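Student: Just so it is clear, I am handing over upload.pdb, which has PDB, C-alpha atoms.
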ATOM      1  CA  MET A   1     -63.651 -94.487  60.010
ATOM      2  CA  SER A   2     -60.551 -96.564  59.376
ATOM      3  CA  SER A   3     -58.862 -95.234  62.523
ATOM      4  CA  THR A   4     -62.001 -95.997  64.521
ATOM      5  CA  ARG A   5     -62.003 -99.614  63.325
ATOM      6  CA  SER A   6     -58.296 -99.899  64.159
ATOM      7  CA  ALA A   7     -58.904 -98.570  67.661
ATOM      8  CA  LEU A   8     -61.782-100.979  68.201
ATOM      9  CA  ALA A   9     -59.643-103.837  66.917
ATOM     10  CA  VAL A  10     -56.936-102.989  69.456
ATOM     11  CA  VAL A  11     -59.446-102.667  72.291
ATOM     12  CA  VAL A  12     -61.077-106.004  71.452
ATOM     13  CA  LEU A  13     -58.238-108.149  70.118
ATOM     14  CA  VAL A  14     -55.558-107.383  72.694
ATOM     15  CA  PRO A  15     -57.715-108.391  75.702
ATOM     16  CA  ALA A  16     -58.886-111.440  73.746
ATOM     17  CA  LEU A  17     -55.292-112.515  73.126
ATOM     18  CA  ILE A  18     -54.405-111.941  76.768
ATOM     19  CA  ALA A  19     -57.395-114.015  77.849
ATOM     20  CA  LEU A  20     -56.338-116.787  75.461
ATOM     21  CA  ALA A  21     -52.784-116.690  76.787
ATOM     22  CA  LEU A  22     -53.956-116.839  80.395
ATOM     23  CA  TRP A  23     -56.245-119.753  79.584
ATOM     24  CA  ALA A  24     -53.494-121.649  77.754
ATOM     25  CA  PHE A  25     -50.877-121.167  80.468
ATOM     26  CA  VAL A  26     -52.903-121.055  83.689
ATOM     27  CA  TRP A  27     -55.730-123.540  83.163
ATOM     28  CA  PRO A  28     -53.590-126.663  82.568
ATOM     29  CA  SER A  29     -51.381-125.830  85.564
ATOM     30  CA  ALA A  30     -54.406-125.322  87.798
ATOM     31  CA  ARG A  31     -55.846-128.706  86.830
ATOM     32  CA  LEU A  32     -52.772-130.910  87.254
ATOM     33  CA  ALA A  33     -53.769-134.417  88.360
ATOM     34  CA  PRO A  34     -52.993-137.969  87.245
ATOM     35  CA  ARG A  35     -55.233-139.156  84.416
ATOM     36  CA  ASP A  36     -54.557-142.740  83.332
ATOM     37  CA  LEU A  37     -50.954-142.308  84.428
ATOM     38  CA  PRO A  38     -49.145-145.573  83.540
ATOM     39  CA  LEU A  39     -48.166-147.340  86.781
ATOM     40  CA  GLY A  40     -46.930-150.867  87.314
ATOM     41  CA  VAL A  41     -47.792-153.431  89.973
ATOM     42  CA  ALA A  42     -45.319-156.292  90.234
ATOM     43  CA  GLY A  43     -45.354-159.589  92.075
ATOM     44  CA  PRO A  44     -47.606-162.616  92.579
ATOM     45  CA  ALA A  45     -51.280-161.919  91.919
ATOM     46  CA  GLN A  46     -52.285-162.794  95.479
ATOM     47  CA  ALA A  47     -49.768-160.336  96.930
ATOM     48  CA  THR A  48     -50.553-157.482  94.542
ATOM     49  CA  ALA A  49     -54.357-157.788  94.634
ATOM     50  CA  PRO A  50     -54.805-155.406  97.624
ATOM     51  CA  VAL A  51     -52.608-152.742  95.997
ATOM     52  CA  THR A  52     -54.436-153.081  92.681
ATOM     53  CA  ALA A  53     -57.765-152.734  94.465
ATOM     54  CA  GLN A  54     -56.587-149.615  96.299
ATOM     55  CA  LEU A  55     -55.406-148.040  93.050
ATOM     56  CA  ALA A  56     -58.729-148.843  91.392
ATOM     57  CA  GLU A  57     -60.466-146.805  94.101
ATOM     58  CA  ARG A  58     -58.762-143.710  92.691
ATOM     59  CA  GLY A  59     -60.875-143.908  89.545
ATOM     60  CA  ASP A  60     -59.044-143.165  86.319
ATOM     61  CA  ALA A  61     -55.988-141.666  88.014
ATOM     62  CA  PHE A  62     -53.751-144.619  87.120
ATOM     63  CA  ALA A  63     -53.580-147.049  84.237
ATOM     64  CA  VAL A  64     -52.303-150.149  86.044
ATOM     65  CA  HIS A  65     -49.929-152.555  84.280
ATOM     66  CA  THR A  66     -49.074-155.868  85.937
ATOM     67  CA  TYR A  67     -45.641-157.497  85.898
ATOM     68  CA  PRO A  68     -44.436-160.820  87.289
ATOM     69  CA  ASP A  69     -41.538-159.402  89.291
ATOM     70  CA  ALA A  70     -39.469-156.336  90.116
ATOM     71  CA  ALA A  71     -37.019-156.926  87.261
ATOM     72  CA  ALA A  72     -39.803-156.792  84.672
ATOM     73  CA  ALA A  73     -41.216-153.624  86.244
ATOM     74  CA  ARG A  74     -37.789-152.017  86.310
ATOM     75  CA  THR A  75     -37.326-152.794  82.606
ATOM     76  CA  ALA A  76     -40.709-151.273  81.814
ATOM     77  CA  ILE A  77     -39.710-148.074  83.642
ATOM     78  CA  GLU A  78     -36.391-147.893  81.786
ATOM     79  CA  GLU A  79     -38.205-148.370  78.470
ATOM     80  CA  ARG A  80     -40.644-145.556  79.351
ATOM     81  CA  GLU A  81     -43.714-147.784  79.378
ATOM     82  CA  ILE A  82     -44.633-146.756  82.939
ATOM     83  CA  TYR A  83     -43.616-143.983  85.343
ATOM     84  CA  GLY A  84     -43.170-146.215  88.373
ATOM     85  CA  ALA A  85     -44.229-149.468  89.996
ATOM     86  CA  VAL A  86     -45.371-150.903  93.315
ATOM     87  CA  VAL A  87     -43.536-154.172  93.936
ATOM     88  CA  ALA A  88     -44.797-156.795  96.405
ATOM     89  CA  THR A  89     -41.905-158.215  98.428
ATOM     90  CA  PRO A  90     -41.763-160.582 101.434
ATOM     91  CA  ASP A  91     -41.083-157.539 103.630
ATOM     92  CA  GLY A  92     -43.967-155.504 102.229
ATOM     93  CA  PRO A  93     -44.510-153.205  99.254
ATOM     94  CA  GLU A  94     -41.663-151.328  97.603
ATOM     95  CA  LEU A  95     -42.008-148.352  95.260
ATOM     96  CA  LEU A  96     -39.918-147.914  92.120
ATOM     97  CA  ILE A  97     -39.824-144.445  90.548
ATOM     98  CA  ALA A  98     -37.873-142.635  87.814
ATOM     99  CA  SER A  99     -37.218-139.003  88.666
ATOM    100  CA  ALA A 100     -35.743-138.548  85.177
ATOM    101  CA  ALA A 101     -39.203-139.256  83.724
ATOM    102  CA  GLY A 102     -40.559-136.260  85.618
ATOM    103  CA  PRO A 103     -39.699-135.095  89.136
ATOM    104  CA  SER A 104     -43.265-133.985  89.833
ATOM    105  CA  VAL A 105     -44.615-137.409  88.879
ATOM    106  CA  ALA A 106     -42.008-139.100  91.056
ATOM    107  CA  ARG A 107     -43.092-136.939  94.001
ATOM    108  CA  LEU A 108     -46.739-137.719  93.307
ATOM    109  CA  LEU A 109     -46.087-141.453  93.348
ATOM    110  CA  THR A 110     -43.938-141.206  96.459
ATOM    111  CA  GLU A 111     -46.627-139.329  98.358
ATOM    112  CA  ALA A 112     -49.855-140.858  97.037
ATOM    113  CA  VAL A 113     -48.990-144.409  96.025
ATOM    114  CA  GLY A 114     -46.403-144.868  98.755
ATOM    115  CA  GLU A 115     -48.816-143.783 101.465
ATOM    116  CA  GLN A 116     -51.634-145.879 100.061
ATOM    117  CA  ALA A 117     -49.509-149.004  99.767
ATOM    118  CA  ALA A 118     -48.374-148.508 103.340
ATOM    119  CA  GLY A 119     -51.920-148.689 104.582
ATOM    120  CA  GLY A 120     -53.395-145.246 104.035
ATOM    121  CA  ALA A 121     -53.108-141.891 105.727
ATOM    122  CA  GLY A 122     -52.607-142.082 109.469
ATOM    123  CA  ALA A 123     -51.693-145.769 109.379
ATOM    124  CA  THR A 124     -48.917-147.069 111.620
ATOM    125  CA  ALA A 125     -47.391-149.265 108.894
ATOM    126  CA  ARG A 126     -43.784-148.625 107.977
ATOM    127  CA  PRO A 127     -43.001-146.116 105.193
ATOM    128  CA  VAL A 128     -42.719-147.718 101.783
ATOM    129  CA  PRO A 129     -39.074-148.044 100.655
ATOM    130  CA  THR A 130     -38.539-146.113  97.428
ATOM    131  CA  LYS A 131     -35.880-146.730  94.786
ATOM    132  CA  ASP A 132     -35.113-144.287  91.986
ATOM    133  CA  VAL A 133     -34.562-146.532  88.962
ATOM    134  CA  VAL A 134     -33.587-143.722  86.556
ATOM    135  CA  PRO A 135     -32.388-140.764  88.629
ATOM    136  CA  LEU A 136     -31.615-137.298  87.365
ATOM    137  CA  PRO A 137     -27.969-136.191  87.161
ATOM    138  CA  ALA A 138     -26.442-134.980  90.409
ATOM    139  CA  ALA A 139     -25.805-131.610  88.782
ATOM    140  CA  ASP A 140     -29.538-131.106  88.214
ATOM    141  CA  PRO A 141     -31.438-133.202  90.791
ATOM    142  CA  ARG A 142     -34.724-131.322  90.247
ATOM    143  CA  GLY A 143     -34.705-131.508  86.452
ATOM    144  CA  SER A 144     -34.829-127.730  86.200
ATOM    145  CA  ALA A 145     -32.673-127.518  83.070
ATOM    146  CA  LEU A 146     -34.965-129.609  80.885
ATOM    147  CA  ASN A 147     -38.091-128.019  82.359
ATOM    148  CA  SER A 148     -36.720-124.557  81.601
ATOM    149  CA  SER A 149     -35.568-125.421  78.081
ATOM    150  CA  VAL A 150     -39.009-125.606  76.463
ATOM    151  CA  LEU A 151     -39.570-121.850  76.221
ATOM    152  CA  PRO A 152     -36.079-120.990  74.861
ATOM    153  CA  LEU A 153     -36.290-123.773  72.257
ATOM    154  CA  ALA A 154     -39.750-122.619  71.168
ATOM    155  CA  LEU A 155     -38.521-119.028  70.958
ATOM    156  CA  ALA A 156     -35.490-120.147  68.968
ATOM    157  CA  GLY A 157     -37.737-121.889  66.449
ATOM    158  CA  LEU A 158     -39.958-118.824  66.107
ATOM    159  CA  ALA A 159     -36.960-116.522  65.763
ATOM    160  CA  LEU A 160     -35.308-118.707  63.132
ATOM    161  CA  GLY A 161     -38.453-119.202  61.057
ATOM    162  CA  GLY A 162     -39.455-115.542  61.425
ATOM    163  CA  ALA A 163     -35.988-114.282  60.477
ATOM    164  CA  ALA A 164     -35.923-116.387  57.320
ATOM    165  CA  THR A 165     -39.335-114.999  56.372
ATOM    166  CA  LEU A 166     -38.651-111.349  57.165
ATOM    167  CA  LEU A 167     -35.302-111.440  55.349
ATOM    168  CA  GLY A 168     -37.117-112.492  52.211
ATOM    169  CA  LEU A 169     -35.484-115.910  51.973
ATOM    170  CA  ARG A 170     -37.582-118.224  49.848
ATOM    171  CA  GLY A 171     -37.371-121.693  48.361
ATOM    172  CA  GLY A 172     -33.872-123.089  47.920
ATOM    173  CA  ARG A 173     -32.309-120.169  49.777
ATOM    174  CA  ALA A 174     -34.441-120.571  52.899
ATOM    175  CA  VAL A 175     -34.130-124.333  53.425
ATOM    176  CA  PRO A 176     -30.340-124.458  54.040
ATOM    177  CA  VAL A 177     -30.599-121.425  56.332
ATOM    178  CA  LEU A 178     -33.233-123.153  58.449
ATOM    179  CA  LEU A 179     -31.242-126.404  58.533
ATOM    180  CA  GLY A 180     -27.966-124.688  59.366
ATOM    181  CA  GLY A 181     -29.491-122.387  61.963
ATOM    182  CA  ALA A 182     -31.252-125.235  63.765
ATOM    183  CA  ALA A 183     -28.081-127.344  63.746
ATOM    184  CA  ALA A 184     -26.056-124.483  65.228
ATOM    185  CA  ILE A 185     -28.666-123.863  67.938
ATOM    186  CA  GLY A 186     -28.713-127.581  68.782
ATOM    187  CA  LEU A 187     -24.935-127.609  69.222
ATOM    188  CA  VAL A 188     -25.012-124.513  71.425
ATOM    189  CA  ALA A 189     -27.878-125.885  73.527
ATOM    190  CA  ALA A 190     -26.081-129.202  74.075
ATOM    191  CA  ALA A 191     -22.886-127.370  74.994
ATOM    192  CA  VAL A 192     -24.756-125.363  77.629
ATOM    193  CA  ALA A 193     -27.064-128.052  79.046
ATOM    194  CA  ASP A 194     -24.643-130.983  78.926
ATOM    195  CA  SER A 195     -21.032-129.790  78.756
ATOM    196  CA  TRP A 196     -21.418-126.766  81.005
ATOM    197  CA  LEU A 197     -24.338-127.478  83.346
ATOM    198  CA  GLY A 198     -24.102-131.289  83.347
ATOM    199  CA  ALA A 199     -27.910-131.469  83.351
ATOM    200  CA  LEU A 200     -28.193-134.039  80.552
ATOM    201  CA  ALA A 201     -26.747-137.523  80.787
ATOM    202  CA  GLY A 202     -27.060-138.993  77.294
ATOM    203  CA  GLY A 203     -24.863-139.049  74.215
ATOM    204  CA  TRP A 204     -23.716-135.515  73.430
ATOM    205  CA  TRP A 205     -24.312-135.629  69.683
ATOM    206  CA  THR A 206     -27.665-137.344  70.112
ATOM    207  CA  GLU A 207     -28.769-134.621  72.513
ATOM    208  CA  ALA A 208     -27.583-131.926  70.120
ATOM    209  CA  GLY A 209     -29.549-133.582  67.319
ATOM    210  CA  ALA A 210     -32.722-133.787  69.430
ATOM    211  CA  LEU A 211     -32.422-130.157  70.523
ATOM    212  CA  GLY A 212     -31.715-128.990  66.981
ATOM    213  CA  LEU A 213     -34.605-131.002  65.536
ATOM    214  CA  THR A 214     -36.963-129.445  68.091
ATOM    215  CA  VAL A 215     -35.932-125.986  66.936
ATOM    216  CA  LEU A 216     -36.085-126.982  63.265
ATOM    217  CA  ALA A 217     -39.623-128.369  63.563
ATOM    218  CA  GLY A 218     -40.897-125.083  64.997
ATOM    219  CA  ALA A 219     -38.931-122.953  62.540
ATOM    220  CA  ALA A 220     -40.065-124.995  59.548
ATOM    221  CA  GLY A 221     -43.675-124.805  60.695
ATOM    222  CA  VAL A 222     -43.575-121.019  61.043
ATOM    223  CA  ALA A 223     -41.685-120.436  57.779
ATOM    224  CA  GLY A 224     -43.848-122.952  55.911
ATOM    225  CA  LEU A 225     -47.108-121.298  56.960
ATOM    226  CA  ALA A 226     -45.609-117.923  56.077
ATOM    227  CA  ALA A 227     -44.728-119.219  52.609
ATOM    228  CA  VAL A 228     -48.377-120.145  52.048
ATOM    229  CA  LEU A 229     -50.245-117.392  53.906
ATOM    230  CA  GLY A 230     -47.713-114.584  54.059
ATOM    231  CA  ARG A 231     -47.048-112.809  57.333
ATOM    232  CA  ALA A 232     -50.425-113.944  58.627
ATOM    233  CA  GLY A 233     -49.057-117.481  58.388
ATOM    234  CA  MET A 234     -46.037-116.474  60.450
ATOM    235  CA  GLY A 235     -48.384-115.149  63.120
ATOM    236  CA  LEU A 236     -50.485-118.311  63.025
ATOM    237  CA  GLY A 237     -47.419-120.526  63.320
ATOM    238  CA  SER A 238     -46.113-118.492  66.238
ATOM    239  CA  LEU A 239     -49.497-118.719  67.944
ATOM    240  CA  VAL A 240     -49.614-122.507  67.622
ATOM    241  CA  VAL A 241     -45.998-123.185  68.602
ATOM    242  CA  MET A 242     -45.728-120.690  71.441
ATOM    243  CA  LEU A 243     -49.198-120.063  72.829
ATOM    244  CA  LEU A 244     -50.369-123.676  72.661
ATOM    245  CA  GLY A 245     -47.220-125.750  72.271
ATOM    246  CA  ASN A 246     -45.385-124.328  75.275
ATOM    247  CA  PRO A 247     -48.063-124.676  78.020
ATOM    248  CA  PHE A 248     -49.432-127.909  76.531
ATOM    249  CA  SER A 249     -46.011-129.577  76.361
ATOM    250  CA  GLY A 250     -46.271-131.337  79.733
ATOM    251  CA  VAL A 251     -42.488-131.161  80.150
ATOM    252  CA  THR A 252     -42.663-129.774  83.687
ATOM    253  CA  SER A 253     -45.084-132.514  84.756
ATOM    254  CA  ALA A 254     -46.261-135.192  82.298
ATOM    255  CA  PRO A 255     -48.797-135.298  79.447
ATOM    256  CA  GLU A 256     -50.952-137.592  81.590
ATOM    257  CA  MET A 257     -51.074-134.930  84.302
ATOM    258  CA  LEU A 258     -52.709-132.317  82.064
ATOM    259  CA  PRO A 259     -56.449-131.979  81.442
ATOM    260  CA  GLU A 260     -57.724-133.921  78.459
ATOM    261  CA  PRO A 261     -57.155-133.459  75.561
ATOM    262  CA  VAL A 262     -54.445-130.904  76.326
ATOM    263  CA  GLY A 263     -51.758-133.512  77.021
ATOM    264  CA  ALA A 264     -52.384-135.337  73.737
ATOM    265  CA  ILE A 265     -52.472-132.102  71.736
ATOM    266  CA  GLY A 266     -49.226-130.941  73.301
ATOM    267  CA  GLN A 267     -47.408-134.079  72.185
ATOM    268  CA  LEU A 268     -48.384-133.307  68.571
ATOM    269  CA  LEU A 269     -46.706-129.875  68.686
ATOM    270  CA  PRO A 270     -42.945-129.211  68.489
ATOM    271  CA  PRO A 271     -42.356-128.130  72.135
ATOM    272  CA  GLY A 272     -44.108-131.177  73.632
ATOM    273  CA  ALA A 273     -42.649-133.679  71.194
ATOM    274  CA  GLY A 274     -39.232-132.048  71.508
ATOM    275  CA  GLY A 275     -39.281-132.185  75.307
ATOM    276  CA  SER A 276     -40.225-135.870  75.238
ATOM    277  CA  LEU A 277     -37.517-136.634  72.675
ATOM    278  CA  VAL A 278     -34.797-134.826  74.644
ATOM    279  CA  ARG A 279     -35.870-136.603  77.846
ATOM    280  CA  SER A 280     -35.710-139.972  76.104
ATOM    281  CA  VAL A 281     -32.242-139.507  74.615
ATOM    282  CA  ALA A 282     -30.811-137.708  77.658
ATOM    283  CA  TYR A 283     -31.898-140.172  80.363
ATOM    284  CA  PHE A 284     -33.407-143.327  78.833
ATOM    285  CA  ASP A 285     -30.956-144.357  76.070
ATOM    286  CA  GLY A 286     -33.489-143.386  73.414
ATOM    287  CA  ASN A 287     -36.347-145.515  74.760
ATOM    288  CA  GLY A 288     -39.692-143.913  73.992
ATOM    289  CA  ALA A 289     -38.206-141.653  71.319
ATOM    290  CA  ALA A 290     -40.011-143.080  68.279
ATOM    291  CA  GLY A 291     -43.302-141.210  68.708
ATOM    292  CA  PRO A 292     -41.833-137.742  69.424
ATOM    293  CA  LEU A 293     -39.294-138.214  66.643
ATOM    294  CA  ALA A 294     -42.056-138.987  64.141
ATOM    295  CA  VAL A 295     -43.983-135.849  65.179
ATOM    296  CA  LEU A 296     -40.947-133.582  64.818
ATOM    297  CA  LEU A 297     -39.992-135.073  61.455
ATOM    298  CA  THR A 298     -43.537-134.585  60.215
ATOM    299  CA  TRP A 299     -43.466-130.909  61.156
ATOM    300  CA  THR A 300     -40.013-130.528  59.621
ATOM    301  CA  VAL A 301     -40.758-132.244  56.299
ATOM    302  CA  ALA A 302     -44.133-130.544  55.891
ATOM    303  CA  GLY A 303     -42.746-127.105  56.770
ATOM    304  CA  LEU A 304     -39.650-127.359  54.578
ATOM    305  CA  SER A 305     -41.781-128.641  51.689
ATOM    306  CA  LEU A 306     -43.988-125.557  51.926
ATOM    307  CA  VAL A 307     -40.910-123.340  52.167
ATOM    308  CA  ALA A 308     -39.399-124.965  49.061
ATOM    309  CA  ALA A 309     -42.671-124.513  47.182
ATOM    310  CA  GLY A 310     -43.007-120.924  48.398
ATOM    311  CA  PRO A 311     -41.851-119.169  45.183
ATOM    312  CA  LEU A 312     -44.254-121.242  43.093
ATOM    313  CA  LEU A 313     -47.154-120.510  45.427
ATOM    314  CA  ALA A 314     -46.273-116.805  45.549
ATOM    315  CA  GLY A 315     -46.113-116.693  41.750
ATOM    316  CA  ARG A 316     -49.567-118.173  41.460
ATOM    317  CA  ARG A 317     -50.973-115.671  43.963
ATOM    318  CA  ARG A 318     -49.348-112.835  42.044
ATOM    319  CA  LYS A 319     -50.775-114.000  38.734
ATOM    320  CA  ARG A 320     -54.258-114.216  40.174
ATOM    321  CA  ALA A 321     -53.954-110.723  41.639
ATOM    322  CA  GLU A 322     -52.656-109.273  38.351
ATOM    323  CA  ALA A 323     -55.156-111.042  36.116
ATOM    324  CA  PRO A 324     -57.301-108.469  34.237
ATOM    325  CA  ALA A 325     -60.982-108.376  35.040
ATOM    326  CA  ALA A 326     -61.810-109.669  31.574
ATOM    327  CA  ASP A 327     -59.957-112.878  32.237
ATOM    328  CA  ARG A 328     -61.783-113.581  35.488
ATOM    329  CA  PRO A 329     -64.871-115.772  35.668
ATOM    330  CA  ALA A 330     -68.162-114.017  35.074
ATOM    331  CA  GLY A 331     -69.195-114.510  38.687
ATOM    332  CA  ALA A 332     -66.021-112.789  39.843
ATOM    333  CA  ARG A 333     -66.653-109.795  37.504
ATOM    334  CA  VAL A 334     -70.201-109.427  38.799
ATOM    335  CA  ALA A 335     -68.993-109.591  42.398
ATOM    336  CA  ALA A 336     -66.392-106.947  41.623
TER     337      ALA A 336
END
Please express the file's structure as structure tokens.
Tutor:
Amino acid sequence: MSSTRSALAVVVLVPALIALALWAFVWPSARLAPRDLPLGVAGPAQATAPVTAQLAERGDAFAVHTYPDAAAARTAIEEREIYGAVVATPDGPELLIASAAGPSVARLLTEAVGEQAAGGAGATARPVPTKDVVPLPAADPRGSALNSSVLPLALAGLALGGAATLLGLRGGRAVPVLLGGAAAIGLVAAAVADSWLGALAGGWWTEAGALGLTVLAGAAGVAGLAAVLGRAGMGLGSLVVMLLGNPFSGVTSAPEMLPEPVGAIGQLLPPGAGGSLVRSVAYFDGNGAAGPLAVLLTWTVAGLSLVAAGPLLAGRRRKRAEAPAADRPAGARVAA
């Protein structure tokens, strides 16, 4: 009977997990579209009114922010308040983008907003001049390095947290291992992505810290749940960080390009918050880093706290399991 239940569990659970994985990875990618994507419109109100009206016709695709001039819009892009801006000039509209904020978003704005500002599809108006305010490094013009880093960083966090758990490290022994392992991985990742590939353009040590903190947040989450729930907790942590955190991260596009509420959820998980933090410190001098940093620190502090309290929690579970039936509440004895 036991073998029959095990066989049924395999037949049912494995396809269910595959279906969940396909949903998590395929559905967001198949539904990519701008949803309240922050976009600026700069210039005198009379000159920008037609552009604002055209953007409004696209429904909730863009969240339009107005600025008095191109300098203010450029500052907003550099501070990660908006992804781009349409600027009204005496010679016609001009489009400002930031490929470092997301190459796919920059292409979207160039194609959709640029065409619309020029007068619509099939119009004879001149193409809209486009300026890249925050470009990607010449060594990685498509942003492939950062886009490809989410999965390895998530795997590194799972491996580090899982190794600490499976090796039996608990409490005060586990915390320094997690901290040291994440720091070492951050240094190696910065050496590869910045020193070797030249794909990151920020301060080297800041990038290493952001990469290491991303790994630490995932590792602490996995190890912390394992300290409370045992190996089931390790599986739950891995499921959240990898199966949801990776496809919901929005690193390859933007959180505002994912179906709701996937983009918001992804930014509350280590891969999404880590990708946003690395992007901020690598290309935007740390602008926009506060939110992702807070998320990663929350995961780290909560996870390490559970890891530190692991021996105490395990001791309590052991005492409850070893308590004689006579010492249990009457209801528990009857149930037994």
Student: Give me the residues within 7 Å of A:Gly288 as a PyMOL selection string, counting all atoms listed in the file and dropping any in the same chain fewer than 3 places off.
Tutor: chain A and resi 79-80+280+291
Student: Write a file of the selected residues as an mmCIF file, in the coordinates of the input, keeping C-alpha atoms.
Tutor:
data_model
loop_
_atom_site.group_PDB
_atom_site.id
_atom_site.type_symbol
_atom_site.label_atom_id
_atom_site.label_comp_id
_atom_site.auth_asym_id
_atom_site.auth_seq_id
_atom_site.Cartn_x
_atom_site.Cartn_y
_atom_site.Cartn_z
ATOM 1 C CA GLU A 79 -38.205 -148.370 78.470
ATOM 2 C CA ARG A 80 -40.644 -145.556 79.351
ATOM 3 C CA SER A 280 -35.710 -139.972 76.104
ATOM 4 C CA GLY A 291 -43.302 -141.210 68.708
#
Student: Identify all residues satisfying the PyMOL selection byres ((chain A and resi 67-76) around 7) in the given file; provide them as number ranges by chain.
Tutor: A: 40-44, 65-66, 77-82, 85, 87, 133
Student: Hey, which bits of stretch 23-111 of chain A sit within 12 Å of stretch 238-245 of chain A, and for each residue what's the closest pair of atoms and how far apart in Å (one decimal), counting only C-alpha atoms, rows by chain and increasing number, as a tab-separated table?
Tutor:
residue	atom	partner	partner_atom	distance
A:Trp23	CA	A:Leu243	CA	9.8
A:Ala24	CA	A:Leu244	CA	6.3
A:Phe25	CA	A:Leu243	CA	7.9
A:Val26	CA	A:Leu243	CA	11.5
A:Trp27	CA	A:Leu244	CA	11.8
A:Pro28	CA	A:Leu244	CA	10.8
Student: Mind dumping a table of every stretch 138-237 of chain A residue within 12 Å of stretch 300-308 of chain A, with the nearest atom pair and its distance in Å to one decimal, using all atoms listed in the file, sorted by chain and rising number, as a tab-separated table?
Tutor:
residue	atom	partner	partner_atom	distance
A:Gly157	CA	A:Thr300	CA	11.2
A:Gly161	CA	A:Gly303	CA	10.0
A:Ala164	CA	A:Val307	CA	10.0
A:Thr165	CA	A:Val307	CA	9.5
A:Gly168	CA	A:Val307	CA	11.5
A:Leu169	CA	A:Val307	CA	9.2
A:Arg170	CA	A:Val307	CA	6.5
A:Gly171	CA	A:Ala308	CA	3.9
A:Gly172	CA	A:Ala308	CA	5.9
A:Arg173	CA	A:Ala308	CA	8.6
A:Ala174	CA	A:Val307	CA	7.1
A:Val175	CA	A:Leu304	CA	6.4
A:Pro176	CA	A:Leu304	CA	9.8
A:Val177	CA	A:Leu304	CA	11.0
A:Leu178	CA	A:Leu304	CA	8.6
A:Leu179	CA	A:Leu304	CA	9.3
A:Ala182	CA	A:Thr300	CA	11.0
A:Gly212	CA	A:Thr300	CA	11.2
A:Leu213	CA	A:Thr300	CA	8.0
A:Thr214	CA	A:Thr300	CA	9.1
A:Val215	CA	A:Thr300	CA	9.5
A:Leu216	CA	A:Thr300	CA	6.4
A:Ala217	CA	A:Thr300	CA	4.5
A:Gly218	CA	A:Thr300	CA	7.7
A:Ala219	CA	A:Gly303	CA	8.1
A:Ala220	CA	A:Gly303	CA	4.4
A:Gly221	CA	A:Gly303	CA	4.6
A:Val222	CA	A:Gly303	CA	7.5
A:Ala223	CA	A:Val307	CA	6.4
A:Gly224	CA	A:Gly303	CA	4.4
A:Leu225	CA	A:Gly303	CA	7.3
A:Ala226	CA	A:Val307	CA	8.2
A:Ala227	CA	A:Val307	CA	5.6
A:Val228	CA	A:Leu306	CA	7.0
A:Leu229	CA	A:Leu306	CA	10.5
A:Gly230	CA	A:Val307	CA	11.2
A:Gly233	CA	A:Leu306	CA	11.5
A:Met234	CA	A:Gly303	CA	11.7
A:Gly237	CA	A:Gly303	CA	10.4
Student: Do you know which residues are at most 9 Å from stretch 142-155 of chain A counting all atoms listed in the file, after dropping those on the same chain fewer than 4 positions away, and could you put them as a VMD selection string?
Tutor: chain A and resid 99 to 100 102 to 104 136 to 137 159 to 160 185 189 193 197 199 to 200 211 to 212 214 to 215 218 to 219 238 241 to 242 245 to 246 249 251 to 253 270 to 272 274 to 275 278 to 279
Student: Could you tell me which of A:Ala210, A:Leu258, A:Ala63, A:Leu13 comes closest to A:Ala290 if we count all atoms listed in the file?
Tutor: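 Using all atoms listed in the file, A:Ala290 sits closest to A:Ala210.
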Student: For this file, the PyMOL selection byres ((chain A and resi 132) around 9) selects which residues, as a list in words?
Tutor: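 Given this file, the PyMOL selection byres ((chain A and resi 132) around 9) evaluates to Leu95, Leu96, Ile97, Ala98, Ser99, Ala100, Ala106, Thr130, Lys131, Val133, Val134 and Pro135 of chain A.
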Student: Quick one: distance from atom CA of A:Gly92 to atom CA of A:Val128 in Å, one decimal?
Tutor: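 So the two atoms, atom CA of A:Gly92 and atom CA of A:Val128, lie 7.9 Å apart.
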Student: Under the rule that only C-alpha atoms are counted, which of A:Leu297, A:Val262, A:Ala184, A:Val281 is the nearest residue to A:Gly203?
Tutor: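 The answer is A:Val281, which sits nearest to A:Gly203.
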